[in-house]
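Source file: my_file-v7.cif. Holds: mmCIF, C-alpha atoms.
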```cif
data_protein
#
loop_
_atom_site.label_atom_id
_atom_site.label_comp_id
_atom_site.auth_asym_id
_atom_site.auth_seq_id
_atom_site.Cartn_x
_atom_site.Cartn_y
_atom_site.Cartn_z
CA MET Q 1 6.79 8.05 -3.87
CA THR Q 2 6.44 11.79 -4.08
CA THR Q 3 7.45 13.43 -7.34
CA ILE Q 4 10.25 15.96 -7.55
CA GLN Q 5 8.99 19.51 -8.07
CA MET Q 6 11.94 21.23 -9.77
CA GLU Q 7 12.31 23.38 -12.86
CA SER Q 8 14.46 20.71 -14.46
CA ILE Q 9 16.12 17.43 -13.65
CA SER Q 10 19.52 19.10 -13.62
CA ASP Q 11 18.28 21.44 -10.86
CA ALA Q 12 17.31 18.43 -8.78
CA LEU Q 13 20.64 16.70 -9.37
CA ASP Q 14 22.76 19.79 -8.67
CA LEU Q 15 21.44 20.44 -5.18
CA SER Q 16 23.80 21.15 -2.30
CA PRO Q 17 23.95 18.45 0.38
CA ALA Q 18 21.81 20.55 2.72
CA ASP Q 19 19.18 21.17 0.04
CA ARG Q 20 19.21 17.51 -0.99
CA LYS Q 21 18.70 16.57 2.68
CA LYS Q 22 15.69 18.90 2.86
CA GLN Q 23 14.28 17.40 -0.34
CA VAL Q 24 14.83 13.81 0.88
CA THR Q 25 13.21 14.71 4.21
CA HIS Q 26 10.22 16.17 2.38
CA ILE Q 27 9.91 13.12 0.11
CA SER Q 28 10.14 10.70 3.04
CA LEU Q 29 7.65 12.74 5.08
CA MET Q 30 5.08 12.87 2.28
CA THR Q 31 5.54 9.19 1.44
CA GLY Q 32 5.19 8.25 5.11
CA LEU Q 33 2.05 10.37 5.47
CA GLU Q 34 0.58 8.70 2.39
CA ALA Q 35 1.29 5.24 3.83
CA GLY Q 36 -0.14 6.22 7.21
CA ALA Q 37 -3.28 7.59 5.57
CA LYS Q 38 -3.78 4.41 3.56
CA ILE Q 39 -3.52 2.25 6.67
CA GLY Q 40 -5.67 4.68 8.67
CA ILE Q 41 -8.41 4.38 6.08
CA ILE Q 42 -8.59 0.71 7.02
CA SER Q 43 -7.84 0.68 10.76
CA VAL Q 44 -10.06 3.53 11.96
CA PRO Q 45 -13.29 2.34 10.28
CA ALA Q 46 -12.50 -1.25 11.31
CA VAL Q 47 -12.23 -0.26 14.97
CA LEU Q 48 -15.37 1.87 14.72
CA ALA Q 49 -17.29 -1.00 13.12
CA LEU Q 50 -16.05 -3.47 15.72
CA THR Q 51 -17.03 -1.08 18.49
CA LYS Q 52 -20.49 -0.60 17.10
CA TYR Q 53 -21.36 -4.12 15.95
CA TYR Q 54 -19.28 -6.54 18.04
CA ALA Q 55 -20.15 -6.50 21.74
CA PRO Q 56 -17.13 -8.53 23.01
CA PHE Q 57 -14.79 -6.02 21.41
CA ARG Q 58 -16.65 -3.15 23.03
CA GLN Q 59 -16.81 -4.91 26.42
CA ASN Q 60 -13.23 -6.21 26.59
CA LEU Q 61 -11.39 -3.10 25.41
CA GLY Q 62 -11.49 0.27 27.03
CA VAL Q 63 -11.39 3.58 25.24
CA SER Q 64 -7.59 3.71 25.32
CA GLY Q 65 -7.28 0.20 23.85
CA ARG Q 66 -9.69 0.95 21.03
CA THR Q 67 -7.95 4.27 20.36
CA ALA Q 68 -4.58 2.52 20.26
CA MET Q 69 -5.90 -0.12 17.85
CA ALA Q 70 -7.05 2.63 15.51
CA ILE Q 71 -3.98 4.89 15.75
CA ILE Q 72 -0.96 2.59 16.14
CA PRO Q 73 -1.13 0.93 12.67
CA PRO Q 74 -1.04 4.26 10.76
CA LEU Q 75 1.74 5.56 13.01
CA PHE Q 76 3.74 2.39 12.45
CA ALA Q 77 3.21 2.61 8.67
CA PHE Q 78 4.26 6.26 8.69
CA GLY Q 79 7.42 5.56 10.69
CA LEU Q 80 8.42 2.48 8.73
CA VAL Q 81 7.83 3.88 5.25
CA SER Q 82 9.34 7.30 5.90
CA GLU Q 83 12.45 5.74 7.45
CA GLN Q 84 12.82 3.30 4.56
CA VAL Q 85 12.50 6.09 1.99
CA ALA Q 86 14.94 8.33 3.83
CA SER Q 87 17.45 5.47 4.09
CA ARG Q 88 16.96 4.55 0.45
CA LEU Q 89 17.57 8.13 -0.73
CA ALA Q 90 20.45 8.91 1.67
CA THR Q 91 23.30 8.83 -0.84
CA PRO Q 92 23.65 11.26 -3.76
CA ASP Q 93 23.61 8.39 -6.28
CA SER Q 94 20.39 6.91 -4.94
CA TYR Q 95 18.78 10.36 -4.90
CA ALA Q 96 19.86 10.90 -8.52
CA ASN Q 97 18.39 7.50 -9.47
CA HIS Q 98 15.13 8.48 -7.76
CA VAL Q 99 14.98 11.78 -9.66
CA LEU Q 100 15.67 10.05 -12.97
CA SER Q 101 13.08 7.35 -12.28
CA GLN Q 102 10.52 10.06 -11.52
CA GLN Q 103 11.29 11.64 -14.88
CA ALA Q 104 10.89 8.28 -16.62
CA GLU Q 105 7.58 7.62 -14.89
CA GLN Q 106 6.19 10.94 -16.03
CA SER Q 107 6.80 10.00 -19.65
CA LYS Q 108 4.06 8.79 -21.96
CA ILE Q 109 3.59 5.24 -20.66
CA ALA Q 110 0.05 3.92 -20.97
CA ILE Q 111 -1.85 3.68 -17.70
CA HIS Q 112 -2.09 -0.12 -17.78
CA HIS Q 113 1.67 -0.35 -18.36
CA ARG Q 114 2.27 1.97 -15.39
CA ALA Q 115 0.01 -0.28 -13.30
CA ALA Q 116 1.95 -3.35 -14.46
CA ASN Q 117 5.26 -1.66 -13.58
CA TRP Q 118 3.88 -0.75 -10.15
CA ALA Q 119 2.66 -4.29 -9.53
CA TYR Q 120 6.06 -5.61 -10.63
CA ASP Q 121 7.90 -3.20 -8.31
CA HIS Q 122 5.55 -3.86 -5.37
CA PRO Q 123 4.39 -7.51 -5.47
CA VAL Q 124 3.63 -7.65 -1.73
CA LYS Q 125 1.49 -4.50 -1.87
CA SER Q 126 -0.31 -5.93 -4.91
CA LEU Q 127 -0.99 -9.13 -3.00
CA ILE Q 128 -2.21 -7.25 0.08
CA PHE Q 129 -4.50 -4.87 -1.85
CA GLY Q 130 -5.96 -7.69 -3.94
CA SER Q 131 -6.41 -9.94 -0.93
CA VAL Q 132 -8.10 -7.32 1.24
CA ALA Q 133 -10.43 -6.43 -1.62
CA ALA Q 134 -11.25 -10.09 -2.30
CA VAL Q 135 -11.92 -11.00 1.33
CA GLY Q 136 -13.95 -7.81 1.86
CA THR Q 137 -16.03 -8.58 -1.20
CA VAL Q 138 -16.63 -12.16 -0.09
CA PHE Q 139 -17.68 -10.95 3.37
CA ALA Q 140 -20.00 -8.33 1.89
CA LEU Q 141 -21.61 -10.88 -0.42
CA LYS Q 142 -21.96 -13.44 2.40
CA GLY Q 143 -23.56 -10.72 4.53
CA ARG Q 144 -26.53 -10.74 2.17
CA GLU Q 145 -27.23 -14.40 2.88
CA THR Q 146 -29.55 -13.94 5.84
CA HIS Q 147 -30.37 -17.64 6.15
CA LEU Q 148 -26.84 -18.21 7.54
CA LYS Q 149 -25.79 -17.41 11.10
CA PHE Q 150 -23.08 -14.78 11.51
CA SER Q 151 -20.54 -17.44 12.55
CA GLN Q 152 -21.33 -19.44 9.39
CA ARG Q 153 -20.87 -16.34 7.23
CA VAL Q 154 -17.48 -15.70 8.89
CA LEU Q 155 -16.45 -19.31 8.31
CA HIS Q 156 -17.54 -19.18 4.64
CA THR Q 157 -15.68 -15.90 4.26
CA ARG Q 158 -12.53 -17.44 5.74
CA VAL Q 159 -12.63 -20.46 3.43
CA LEU Q 160 -13.45 -18.49 0.27
CA GLY Q 161 -11.06 -15.72 1.32
CA GLN Q 162 -8.20 -18.20 1.71
CA ALA Q 163 -8.92 -19.64 -1.72
CA SER Q 164 -9.02 -16.13 -3.19
CA VAL Q 165 -5.77 -15.13 -1.51
CA LEU Q 166 -4.04 -18.28 -2.77
CA GLY Q 167 -5.31 -17.56 -6.29
CA ILE Q 168 -4.09 -13.97 -6.06
CA LEU Q 169 -0.73 -15.19 -4.72
CA VAL Q 170 -0.29 -17.58 -7.63
CA GLY Q 171 -1.35 -14.87 -10.08
CA THR Q 172 1.11 -12.42 -8.55
CA MET Q 173 3.91 -14.96 -8.79
CA VAL Q 174 3.10 -15.76 -12.43
CA PHE Q 175 2.90 -12.05 -13.27
CA HIS Q 176 6.20 -11.32 -11.50
CA ASP Q 177 7.87 -14.19 -13.38
CA PHE Q 178 6.46 -12.85 -16.67
CA MET Q 179 7.79 -9.37 -15.91
CA ASN Q 180 11.19 -10.80 -14.90
CA LYS Q 181 11.48 -12.42 -18.32
CA ARG Q 182 9.98 -9.52 -20.28
CA GLY Q 183 11.28 -6.53 -18.32
CA ARG Q 184 9.60 -3.30 -17.27
CA TYR Q 185 7.42 -1.37 -19.68
CA THR Q 186 9.12 1.74 -21.04
CA ALA Q 187 8.07 4.61 -23.23
#
```
Translate this structure into structure tokens?
Amino acid sequence: MTTIQMESISDALDLSPADRKKQVTHISLMTGLEAGAKIGIISVPAVLALTKYYAPFRQNLGVSGRTAMAIIPPLFAFGLVSEQVASRLATPDSYANHVLSQQAEQSKIAIHHRAANWAYDHPVKSLIFGSVAAVGTVFALKGRETHLKFSQRVLHTRVLGQASVLGILVGTMVFHDFMNKRGRYTA
């Protein structure tokens, strides 16, 4: 989420309801834009690549369909994430907890401990990022094997990708269980 830009934590906690609403709106807007940008980085190049390299995609979808496939996922991510953040920060207590957690995150925690805390807080995102990276890597490596037909490379990618995703899922579950027993890293 977006960090609080205030002179001090007490300034952030002592905001009037109208000012707190403006701050929550800003935080939810920036967080939603960040989520939309992350999804857009995937969806727009994917649609462009499909349009350029996959004739059935190009032939069966018109310009409006391809445009929608590129734009709708980032818009959905923006709307979903910004609404969730705004709902989560709606009460004064939840806003205060957010401000205090931002202060704690800015303390002197080592980068690998911050990454572990993030992975613990967001296990689904960790699974998605790891899975997309693994399947993309497998597909890129299989793309170098020119003795295979494209359909065979896709099939190999699917099988190895599924195995990778299952391994990442198990690793995420083991890590989350470890963090449940140990607790979050603190300064």
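Distances here use only C-alpha atoms; by that measure, the residue among Q:Gly79, Q:Gly183, Q:Pro123, Q:Gly171 closest to Gly36 of chain Q is Q:Gly79.
Atom to atom, atom CA of Glu83 of chain Q and atom CA of Thr31 of chain Q stand 9.8 Å apart.
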Inset, instruction - Expand the PyMOL selection byres ((chain Q and resi 37-43) around 9) into the individual residues it matches in the shown file, reporting them as a list in words. - result: Gly32, Leu33, Glu34, Ala35, Gly36, Val44, Pro45, Ala46, Val47, Leu48, Met69, Ala70, Ile71, Ile72, Pro73, Pro74, Leu75, Ala77 and Phe78 of chain Q
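The gap separating atom CA of Val135 of chain Q from atom CA of Asp121 of chain Q is 23.4 Å, in Å to one decimal.
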Legend entry - Length of the atom CA of Ser64 of chain Q to atom CA of Gln84 of chain Q vector [Å]: 29.1 Å
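Using only C-alpha atoms, the protein and nucleic acid residues lying no more than 10 Å from Gly136 of chain Q, apart from those fewer than 5 places from it along its own chain, are Gly130, Ser131, Leu141, Lys142, Thr157 and Gly161 of chain Q.
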Inset, instruction - To verify the selection step, state as a PyMOL selection string which residues the PyMOL selection byres ((chain Q and resi 128) around 12) yields on this input. - result: chain Q and resi 39+119+122-127+129-136+164-166+168-169+172
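Across Q:Gln162, Q:Arg153, Q:His98, Q:Trp118, the tightest approach to Ala86 of chain Q is made by Q:His98 when counting all atoms listed in the file.
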Legend entry - For Arg20 of chain Q, the nearest of the candidates Q:Ala116, Q:Ala96, Q:Leu155, Q:Val170, counting all atoms listed in the file: Q:Ala96
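Residue neighbourhood of Ser87 of chain Q, excluding near-sequence residues (fewer than 6 positions): Val24, Ser28, Val81 and Ser94 of chain Q, at 10 Å, using all atoms listed in the file.
Checking Q:Tyr185, Q:Asp93, Q:Val159, Q:Glu145 one by one against Lys108 of chain Q, counting only C-alpha atoms, you find the shortest gap at Q:Tyr185.
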